[in-house]
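Structure file coords.cif with mmCIF, C-alpha atoms:
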```
data_final
#
loop_
_atom_site.label_atom_id
_atom_site.label_comp_id
_atom_site.auth_asym_id
_atom_site.auth_seq_id
_atom_site.Cartn_x
_atom_site.Cartn_y
_atom_site.Cartn_z
CA MET N 22 -40.22 -58.24 -0.02
CA SER N 23 -40.86 -54.51 -0.19
CA ARG N 24 -41.93 -52.66 -3.32
CA ILE N 25 -38.40 -51.22 -3.42
CA GLY N 26 -36.81 -54.67 -3.52
CA GLN N 27 -39.30 -55.87 -6.12
CA THR N 28 -38.58 -52.83 -8.29
CA PHE N 29 -34.83 -53.41 -8.33
CA ILE N 30 -35.26 -57.13 -9.10
CA ALA N 31 -37.59 -56.36 -12.01
CA LEU N 32 -35.20 -53.74 -13.40
CA LYS N 33 -32.20 -56.07 -13.12
CA ALA N 34 -34.09 -58.78 -15.00
CA HIS N 35 -34.36 -56.37 -17.93
CA ASN N 36 -30.80 -55.00 -17.58
CA ARG N 37 -32.11 -51.57 -16.59
CA LYS N 38 -31.18 -49.07 -13.91
CA ALA N 39 -33.53 -47.17 -11.62
CA LEU N 40 -34.33 -43.49 -11.94
CA ILE N 41 -35.22 -41.95 -8.58
CA PRO N 42 -36.36 -38.32 -8.85
CA PHE N 43 -36.73 -36.20 -5.73
CA MET N 44 -39.34 -33.54 -5.08
CA THR N 45 -40.27 -31.59 -1.97
CA ALA N 46 -43.83 -32.22 -0.83
CA GLY N 47 -45.90 -29.05 -0.86
CA ASP N 48 -43.81 -27.11 -3.36
CA PRO N 49 -44.97 -25.15 -5.27
CA GLY N 50 -48.34 -25.84 -3.63
CA LYS N 51 -50.17 -28.50 -1.65
CA GLY N 52 -52.51 -29.31 -4.49
CA LEU N 53 -49.73 -29.95 -7.01
CA THR N 54 -47.76 -32.59 -5.11
CA VAL N 55 -49.83 -35.66 -5.98
CA PRO N 56 -50.28 -34.66 -9.65
CA LEU N 57 -46.52 -34.10 -9.88
CA MET N 58 -45.85 -37.52 -8.35
CA HIS N 59 -47.93 -39.07 -11.12
CA VAL N 60 -46.07 -37.00 -13.71
CA LEU N 61 -42.75 -38.31 -12.37
CA VAL N 62 -43.96 -41.87 -12.93
CA GLU N 63 -45.38 -41.13 -16.38
CA ALA N 64 -42.05 -39.58 -17.40
CA GLY N 65 -40.01 -42.58 -16.25
CA ALA N 66 -39.49 -42.61 -12.49
CA ASP N 67 -39.05 -46.05 -10.94
CA ILE N 68 -39.05 -44.84 -7.32
CA ILE N 69 -40.13 -41.46 -5.94
CA GLU N 70 -38.15 -39.73 -3.21
CA LEU N 71 -40.54 -37.35 -1.50
CA GLY N 72 -38.96 -34.67 0.66
CA VAL N 73 -40.53 -33.80 4.01
CA PRO N 74 -40.21 -30.01 4.46
CA PHE N 75 -37.91 -29.02 7.30
CA SER N 76 -36.67 -25.66 8.58
CA ASP N 77 -32.97 -26.64 8.66
CA PRO N 78 -32.30 -29.12 5.84
CA MET N 79 -28.56 -29.36 6.45
CA ALA N 80 -27.73 -31.80 3.65
CA ASP N 81 -29.53 -29.78 1.01
CA GLY N 82 -28.25 -27.00 -1.16
CA PRO N 83 -29.98 -23.65 -1.72
CA VAL N 84 -32.47 -24.90 -4.34
CA ILE N 85 -33.97 -27.56 -2.08
CA GLN N 86 -33.67 -25.32 0.98
CA ARG N 87 -35.84 -22.74 -0.78
CA ALA N 88 -38.31 -25.49 -1.75
CA SER N 89 -38.59 -26.46 1.92
CA GLU N 90 -39.17 -22.84 2.89
CA ARG N 91 -41.96 -22.49 0.33
CA ALA N 92 -43.57 -25.75 1.44
CA LEU N 93 -43.44 -24.70 5.10
CA ALA N 94 -44.98 -21.35 4.13
CA ASN N 95 -47.75 -23.44 2.52
CA LYS N 96 -48.22 -25.03 5.97
CA VAL N 97 -47.14 -28.51 4.81
CA ARG N 98 -46.19 -30.76 7.71
CA LEU N 99 -45.34 -34.43 8.09
CA LYS N 100 -48.98 -35.47 8.45
CA ASP N 101 -49.72 -33.69 5.16
CA VAL N 102 -46.92 -35.58 3.41
CA LEU N 103 -48.40 -38.87 4.63
CA ALA N 104 -51.83 -37.78 3.40
CA MET N 105 -50.35 -36.94 -0.02
CA THR N 106 -48.77 -40.38 -0.23
CA ALA N 107 -52.08 -42.01 0.68
CA GLU N 108 -53.79 -39.98 -2.07
CA PHE N 109 -51.13 -41.06 -4.58
CA ARG N 110 -51.69 -44.69 -3.58
CA LYS N 111 -55.38 -44.51 -4.56
CA THR N 112 -54.33 -44.79 -8.21
CA ASN N 113 -50.75 -46.07 -8.03
CA THR N 114 -50.09 -49.16 -5.95
CA THR N 115 -46.77 -50.17 -7.54
CA THR N 116 -44.30 -47.26 -7.56
CA PRO N 117 -42.25 -47.18 -4.34
CA VAL N 118 -42.28 -43.96 -2.32
CA VAL N 119 -39.35 -43.06 -0.06
CA LEU N 120 -39.74 -40.23 2.44
CA MET N 121 -36.55 -38.21 2.79
CA GLY N 122 -36.19 -35.85 5.72
CA TYR N 123 -34.82 -35.18 9.17
CA ALA N 124 -35.35 -36.71 12.59
CA ASN N 125 -37.14 -33.84 14.34
CA PRO N 126 -40.61 -34.13 12.72
CA VAL N 127 -40.57 -37.94 13.06
CA GLU N 128 -39.40 -37.77 16.65
CA ARG N 129 -42.12 -35.27 17.52
CA MET N 130 -44.77 -37.56 16.08
CA GLY N 131 -43.19 -40.59 17.77
CA TYR N 132 -41.33 -43.27 15.84
CA GLU N 133 -43.95 -45.97 16.40
CA THR N 134 -46.83 -43.63 15.55
CA PHE N 135 -45.04 -42.37 12.46
CA ALA N 136 -44.11 -45.86 11.26
CA ARG N 137 -47.67 -47.09 11.64
CA ALA N 138 -49.07 -44.05 9.82
CA ALA N 139 -46.44 -44.29 7.06
CA GLN N 140 -47.22 -47.96 6.50
CA GLU N 141 -50.95 -47.21 6.30
CA ALA N 142 -50.28 -44.37 3.83
CA GLY N 143 -48.29 -46.62 1.52
CA VAL N 144 -44.74 -45.40 2.22
CA ASP N 145 -42.04 -47.95 1.36
CA GLY N 146 -38.82 -46.48 2.75
CA VAL N 147 -37.54 -43.75 5.02
CA LEU N 148 -34.27 -41.84 4.67
CA THR N 149 -33.65 -39.81 7.81
CA VAL N 150 -30.52 -37.79 7.11
CA ASP N 151 -29.49 -37.01 10.66
CA ILE N 152 -29.94 -40.43 12.27
CA PRO N 153 -26.49 -42.07 12.01
CA PRO N 154 -26.13 -45.87 12.00
CA GLU N 155 -24.72 -45.79 15.55
CA GLU N 156 -28.04 -44.41 16.80
CA SER N 157 -30.37 -46.12 14.37
CA ALA N 158 -30.73 -49.69 15.62
CA GLY N 159 -33.94 -49.15 17.59
CA VAL N 160 -35.41 -46.81 14.97
CA SER N 161 -34.60 -49.18 12.12
CA ASP N 162 -36.24 -52.03 14.01
CA VAL N 163 -39.43 -49.98 14.38
CA PHE N 164 -39.39 -49.10 10.68
CA LYS N 165 -38.79 -52.68 9.59
CA ALA N 166 -41.58 -53.91 11.85
CA HIS N 167 -43.92 -51.74 9.77
CA ASP N 168 -42.47 -52.81 6.38
CA LEU N 169 -40.53 -49.58 5.92
CA ASP N 170 -37.03 -49.90 4.47
CA PRO N 171 -34.51 -47.80 6.46
CA ILE N 172 -32.25 -46.12 3.89
CA PHE N 173 -28.89 -44.57 4.73
CA LEU N 174 -26.43 -42.16 3.16
CA LEU N 175 -22.79 -42.99 2.46
CA SER N 176 -20.31 -40.39 1.21
CA PRO N 177 -16.82 -40.07 -0.30
CA THR N 178 -15.42 -39.71 3.22
CA THR N 179 -17.21 -42.73 4.72
CA PRO N 180 -14.61 -45.22 6.06
CA GLU N 181 -14.94 -48.92 5.36
CA SER N 182 -15.80 -49.67 8.99
CA ARG N 183 -18.81 -47.35 8.78
CA VAL N 184 -19.96 -48.95 5.54
CA GLU N 185 -20.12 -52.23 7.46
CA GLN N 186 -22.23 -50.54 10.17
CA VAL N 187 -24.67 -49.19 7.60
CA ALA N 188 -24.87 -52.52 5.78
CA ALA N 189 -25.96 -54.17 9.04
CA VAL N 190 -29.04 -51.96 9.49
CA ALA N 191 -29.98 -50.68 6.01
CA ASP N 192 -32.59 -52.10 3.66
CA GLY N 193 -34.07 -51.19 0.28
CA PHE N 194 -31.00 -49.51 -1.20
CA ILE N 195 -27.93 -47.51 -0.22
CA TYR N 196 -27.81 -43.83 -1.16
CA TYR N 197 -24.27 -42.87 -2.10
CA VAL N 198 -23.61 -39.12 -2.02
CA SER N 199 -21.19 -38.60 -4.89
CA LEU N 200 -19.80 -35.24 -3.76
CA LYS N 201 -18.40 -33.59 -0.67
CA GLY N 202 -20.93 -30.86 0.01
CA VAL N 203 -24.65 -30.26 -0.31
CA THR N 204 -27.14 -31.15 -3.03
CA GLY N 205 -26.79 -29.36 -6.34
CA SER N 206 -23.08 -28.61 -5.99
CA ALA N 207 -20.06 -29.32 -8.20
CA SER N 208 -19.72 -32.09 -10.78
CA ILE N 209 -19.16 -35.82 -10.48
CA ASP N 210 -15.90 -37.71 -10.96
CA THR N 211 -17.33 -41.07 -12.06
CA GLY N 212 -13.95 -42.76 -11.71
CA GLU N 213 -13.81 -41.92 -8.03
CA VAL N 214 -17.44 -42.91 -7.58
CA ALA N 215 -16.83 -46.28 -9.25
CA GLN N 216 -13.96 -47.01 -6.85
CA LYS N 217 -16.11 -46.17 -3.84
CA LEU N 218 -19.02 -48.27 -5.08
CA ALA N 219 -16.71 -51.26 -5.48
CA MET N 220 -15.72 -50.93 -1.82
CA ILE N 221 -19.35 -50.55 -0.71
CA ARG N 222 -20.39 -53.66 -2.64
CA LYS N 223 -17.76 -55.71 -0.83
CA HIS N 224 -19.76 -55.21 2.37
CA CYS N 225 -23.33 -54.75 1.19
CA SER N 226 -25.52 -56.65 -1.25
CA LEU N 227 -28.18 -53.94 -1.48
CA PRO N 228 -28.54 -51.89 -4.68
CA VAL N 229 -26.59 -48.63 -4.60
CA GLY N 230 -28.08 -45.39 -5.87
CA VAL N 231 -25.95 -42.35 -6.58
CA GLY N 232 -27.13 -38.79 -6.09
CA PHE N 233 -25.88 -35.18 -5.87
CA GLY N 234 -24.50 -33.43 -8.96
CA ILE N 235 -26.60 -35.18 -11.63
CA ARG N 236 -28.20 -32.53 -13.79
CA ASP N 237 -28.69 -33.85 -17.34
CA ALA N 238 -28.96 -36.95 -19.52
CA ALA N 239 -25.19 -37.19 -19.99
CA THR N 240 -24.38 -37.33 -16.28
CA ALA N 241 -27.35 -39.63 -15.68
CA GLU N 242 -26.00 -42.03 -18.30
CA ALA N 243 -22.47 -41.92 -16.87
CA VAL N 244 -23.74 -42.67 -13.36
CA ALA N 245 -26.12 -45.40 -14.56
CA ARG N 246 -23.15 -47.25 -16.04
CA ILE N 247 -21.66 -47.76 -12.56
CA ALA N 248 -24.62 -47.55 -10.14
CA ASP N 249 -27.91 -49.39 -9.69
CA ALA N 250 -29.92 -46.17 -9.48
CA VAL N 251 -29.61 -42.53 -10.46
CA ILE N 252 -31.05 -40.05 -7.94
CA VAL N 253 -31.83 -36.49 -9.05
CA GLY N 254 -33.23 -33.69 -6.91
CA SER N 255 -31.89 -30.16 -7.38
CA ARG N 256 -32.34 -30.14 -11.17
CA ILE N 257 -36.00 -31.07 -10.82
CA MET N 258 -36.62 -28.62 -8.00
CA SER N 259 -34.92 -25.88 -10.00
CA GLU N 260 -37.39 -26.48 -12.84
CA ILE N 261 -40.27 -26.24 -10.37
CA GLU N 262 -38.88 -23.02 -8.89
CA THR N 263 -38.39 -21.25 -12.21
CA ALA N 264 -41.42 -22.52 -14.14
CA PRO N 265 -43.92 -19.87 -15.23
CA GLU N 266 -47.38 -20.26 -13.75
CA GLY N 267 -49.14 -23.24 -15.30
CA GLU N 268 -45.93 -24.70 -16.78
CA CYS N 269 -44.61 -26.60 -13.75
CA THR N 270 -46.01 -29.98 -14.80
CA ASN N 271 -44.67 -29.74 -18.35
CA ARG N 272 -41.23 -28.64 -17.12
CA VAL N 273 -40.98 -31.57 -14.71
CA ARG N 274 -42.20 -34.05 -17.32
CA HIS N 275 -39.62 -32.83 -19.81
CA VAL N 276 -36.61 -32.98 -17.47
CA VAL N 277 -37.50 -36.39 -16.03
CA ALA N 278 -38.02 -37.81 -19.52
CA GLU N 279 -34.60 -36.43 -20.48
CA LEU N 280 -33.01 -38.08 -17.46
CA ARG N 281 -34.82 -41.34 -18.26
CA ARG N 282 -33.31 -41.37 -21.74
CA GLY N 283 -29.87 -40.89 -20.24
CA VAL N 284 -30.33 -43.72 -17.73
CA ASP N 285 -31.64 -46.08 -20.40
CA ALA N 286 -28.78 -45.24 -22.78
CA ALA N 287 -26.40 -46.84 -20.25
CA SER N 288 -28.08 -50.21 -20.78
CA LYS N 289 -27.79 -50.25 -24.58
#
```

Let me see whether you can do it: turn the structure in this file into structure tokens.
Amino acid sequence: MSRIGQTFIALKAHNRKALIPFMTAGDPGKGLTVPLMHVLVEAGADIIELGVPFSDPMADGPVIQRASERALANKVRLKDVLAMTAEFRKTNTTTPVVLMGYANPVERMGYETFARAAQEAGVDGVLTVDIPPEESAGVSDVFKAHDLDPIFLLSPTTPESRVEQVAAVADGFIYYVSLKGVTGSASIDTGEVAQKLAMIRKHCSLPVGVGFGIRDAATAEAVARIADAVIVGSRIMSEIETAPEGECTNRVRHVVAELRRGVDAASK
């Protein structure tokens, strides 16, 4: 069983929900990524979602788009993200790391080459936004052969038939996008989300994480009451973007700890 699966089983045994913070590798600088990953864990992260910088991050809102632009300006590429994960693994062998990104960099490296390198670096899962389930069978097989969980997005507009398709190839957890739109937009209707999660769980036994639109402890708590994991990206990246020089680590620690308190309040 992967580290992701083990993490969800351990959390369930203690009636807790997962907190999955997102950060873009290489933002605000190459040298800060690994220290920030450790800060995420210290502040309460159960799984880290590490963004691979890409020039056209279509699912991401302006905050994460700007983070990708800064990381690319810092000359951070896929091989650098793998190296950062390997560095993180030197002192943390338990916290799962999921790479979130787009097909182009992986395809350029070669799926087999990437999967082998990701496994060696200590990556646990891969979420490739623009590889739909219809086109994923061969890719997912390569990932699974190298102990990488293929993770997929579902959305408010996903029909039941497509949920079944995703359930057939996914592993680790399902990422449910709570809003129509990009990251960092609008606010969540937890009633609608709960209805959609009930439908998803009819077809899939994997844990379901909910992301997009979660910005504070209150929304984290509300989502944790209905989901298995709370995924937060834009709020964290906004703190990184606006932090004065030297304050980035403290800002991230504070916001993740706040989100952790919200997630844990749902279990009380």

For stretch 192-196 of chain N, find every residue with an atom within 12 Å (counting all atoms listed in the file), except residues of its own chain fewer than 4 positions away, and show them as number ranges by chain. N: 22-30, 39, 41, 68, 70, 117-119, 121, 145-150, 161-162, 164-165, 168-177, 184-185, 187-188, 218, 221-222, 224-233, 248-253

Step by step, work through what the PyMOL selection byres ((chain N and resi 100-107) around 7) selects in the shown file, and finish by giving those residues as a count of residues only. 14

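These residues, each with an atom at most 6 Å from (-39.7, -31.6, 12.1) using only C-alpha atoms, are Phe75, Asn125 and Pro126 of chain N.
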
Residue with the minimum atom-to-atom distance to N:Arg37, picked from N:Val198, N:Asp67, N:Ala94, N:Met130 with all atoms listed in the file counted, is N:Asp67

Please evaluate the PyMOL selection byres ((chain N and resi 235) around 10) against the structure above and give the resulting residues as JSON, numbers by chain. {"N": [199, 204, 205, 206, 207, 208, 209, 231, 232, 233, 234, 236, 237, 238, 239, 240, 241, 242, 243, 244, 251, 252, 253, 254, 255, 256, 280]}

Selected residues written out, C-alpha atoms, as a PDB file, in the coordinates of the input:
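Listing of selection-v5.pdb after writing:
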```pdb
ATOM      1  CA  SER N 199     -21.190 -38.600  -4.890  1.00  0.00           C
ATOM      2  CA  THR N 204     -27.140 -31.150  -3.030  1.00  0.00           C
ATOM      3  CA  GLY N 205     -26.790 -29.360  -6.340  1.00  0.00           C
ATOM      4  CA  SER N 206     -23.080 -28.610  -5.990  1.00  0.00           C
ATOM      5  CA  ALA N 207     -20.060 -29.320  -8.200  1.00  0.00           C
ATOM      6  CA  SER N 208     -19.720 -32.090 -10.780  1.00  0.00           C
ATOM      7  CA  ILE N 209     -19.160 -35.820 -10.480  1.00  0.00           C
ATOM      8  CA  VAL N 231     -25.950 -42.350  -6.580  1.00  0.00           C
ATOM      9  CA  GLY N 232     -27.130 -38.790  -6.090  1.00  0.00           C
ATOM     10  CA  PHE N 233     -25.880 -35.180  -5.870  1.00  0.00           C
ATOM     11  CA  GLY N 234     -24.500 -33.430  -8.960  1.00  0.00           C
ATOM     12  CA  ARG N 236     -28.200 -32.530 -13.790  1.00  0.00           C
ATOM     13  CA  ASP N 237     -28.690 -33.850 -17.340  1.00  0.00           C
ATOM     14  CA  ALA N 238     -28.960 -36.950 -19.520  1.00  0.00           C
ATOM     15  CA  ALA N 239     -25.190 -37.190 -19.990  1.00  0.00           C
ATOM     16  CA  THR N 240     -24.380 -37.330 -16.280  1.00  0.00           C
ATOM     17  CA  ALA N 241     -27.350 -39.630 -15.680  1.00  0.00           C
ATOM     18  CA  GLU N 242     -26.000 -42.030 -18.300  1.00  0.00           C
ATOM     19  CA  ALA N 243     -22.470 -41.920 -16.870  1.00  0.00           C
ATOM     20  CA  VAL N 244     -23.740 -42.670 -13.360  1.00  0.00           C
ATOM     21  CA  VAL N 251     -29.610 -42.530 -10.460  1.00  0.00           C
ATOM     22  CA  ILE N 252     -31.050 -40.050  -7.940  1.00  0.00           C
ATOM     23  CA  VAL N 253     -31.830 -36.490  -9.050  1.00  0.00           C
ATOM     24  CA  GLY N 254     -33.230 -33.690  -6.910  1.00  0.00           C
ATOM     25  CA  SER N 255     -31.890 -30.160  -7.380  1.00  0.00           C
ATOM     26  CA  ARG N 256     -32.340 -30.140 -11.170  1.00  0.00           C
ATOM     27  CA  LEU N 280     -33.010 -38.080 -17.460  1.00  0.00           C
TER      28      LEU N 280
END
```

Just to confirm, what's the straight-line distance from atom CA of N:Ile152 to atom CA of N:Ser182 in Å (one decimal)? 17.2 Å

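What the PyMOL selection byres ((chain N and resi 92) around 8) matches in the given file is N:Thr45, N:Ala46, N:Gly47, N:Asp48, N:Pro49, N:Gly50, N:Lys51, N:Pro74, N:Ala88, N:Ser89, N:Glu90, N:Arg91, N:Leu93, N:Ala94, N:Asn95, N:Lys96, N:Val97.
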
Find the axis-aligned box for stretch 211-227 of chain N, covering all its listed atoms and adding 8 Å on each side, and write its centre and edge lengths in Å to one decimal as lines of an AutoDock Vina configuration file.
```
center_x = -21.0
center_y = -48.9
center_z = -4.8
size_x = 30.4
size_y = 31.6
size_z = 30.4
```

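If you look at atom CA of N:Ser157 and atom CA of N:Arg129, they are 16.3 Å away from each other.
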
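Rounded to one decimal, atom CA of N:Arg87 and atom CA of N:Glu262 lie 8.7 Å from each other.
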
Nearest to N:Val277, restricted to only C-alpha atoms and choosing among N:Val214, N:Ala189, N:Ile69, N:Ala138, comes out as N:Ile69

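Shortest separation to N:Ala245 among N:Glu128, N:Val163, N:Lys38, N:Asn271 occurs at residue N:Lys38, atoms counted being only C-alpha atoms.
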
For N:Ala66, list every protein, DNA or RNA residue within 7 Å, evaluated using all atoms listed in the file, and leave out those in the same chain fewer than 5 positions away; present the list as a PyMOL selection string. chain N and resi 40-42+61

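Nearest to N:Cys269 of all the residues N:Ile257, N:Met79, N:Ala215, N:Ala158 is N:Ile257, counting all atoms listed in the file.
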
Of the candidates N:Leu120, N:Val160, N:Ala219, N:Met44, which shows the shortest atom-to-atom distance to N:Glu260, using only C-alpha atoms? N:Met44
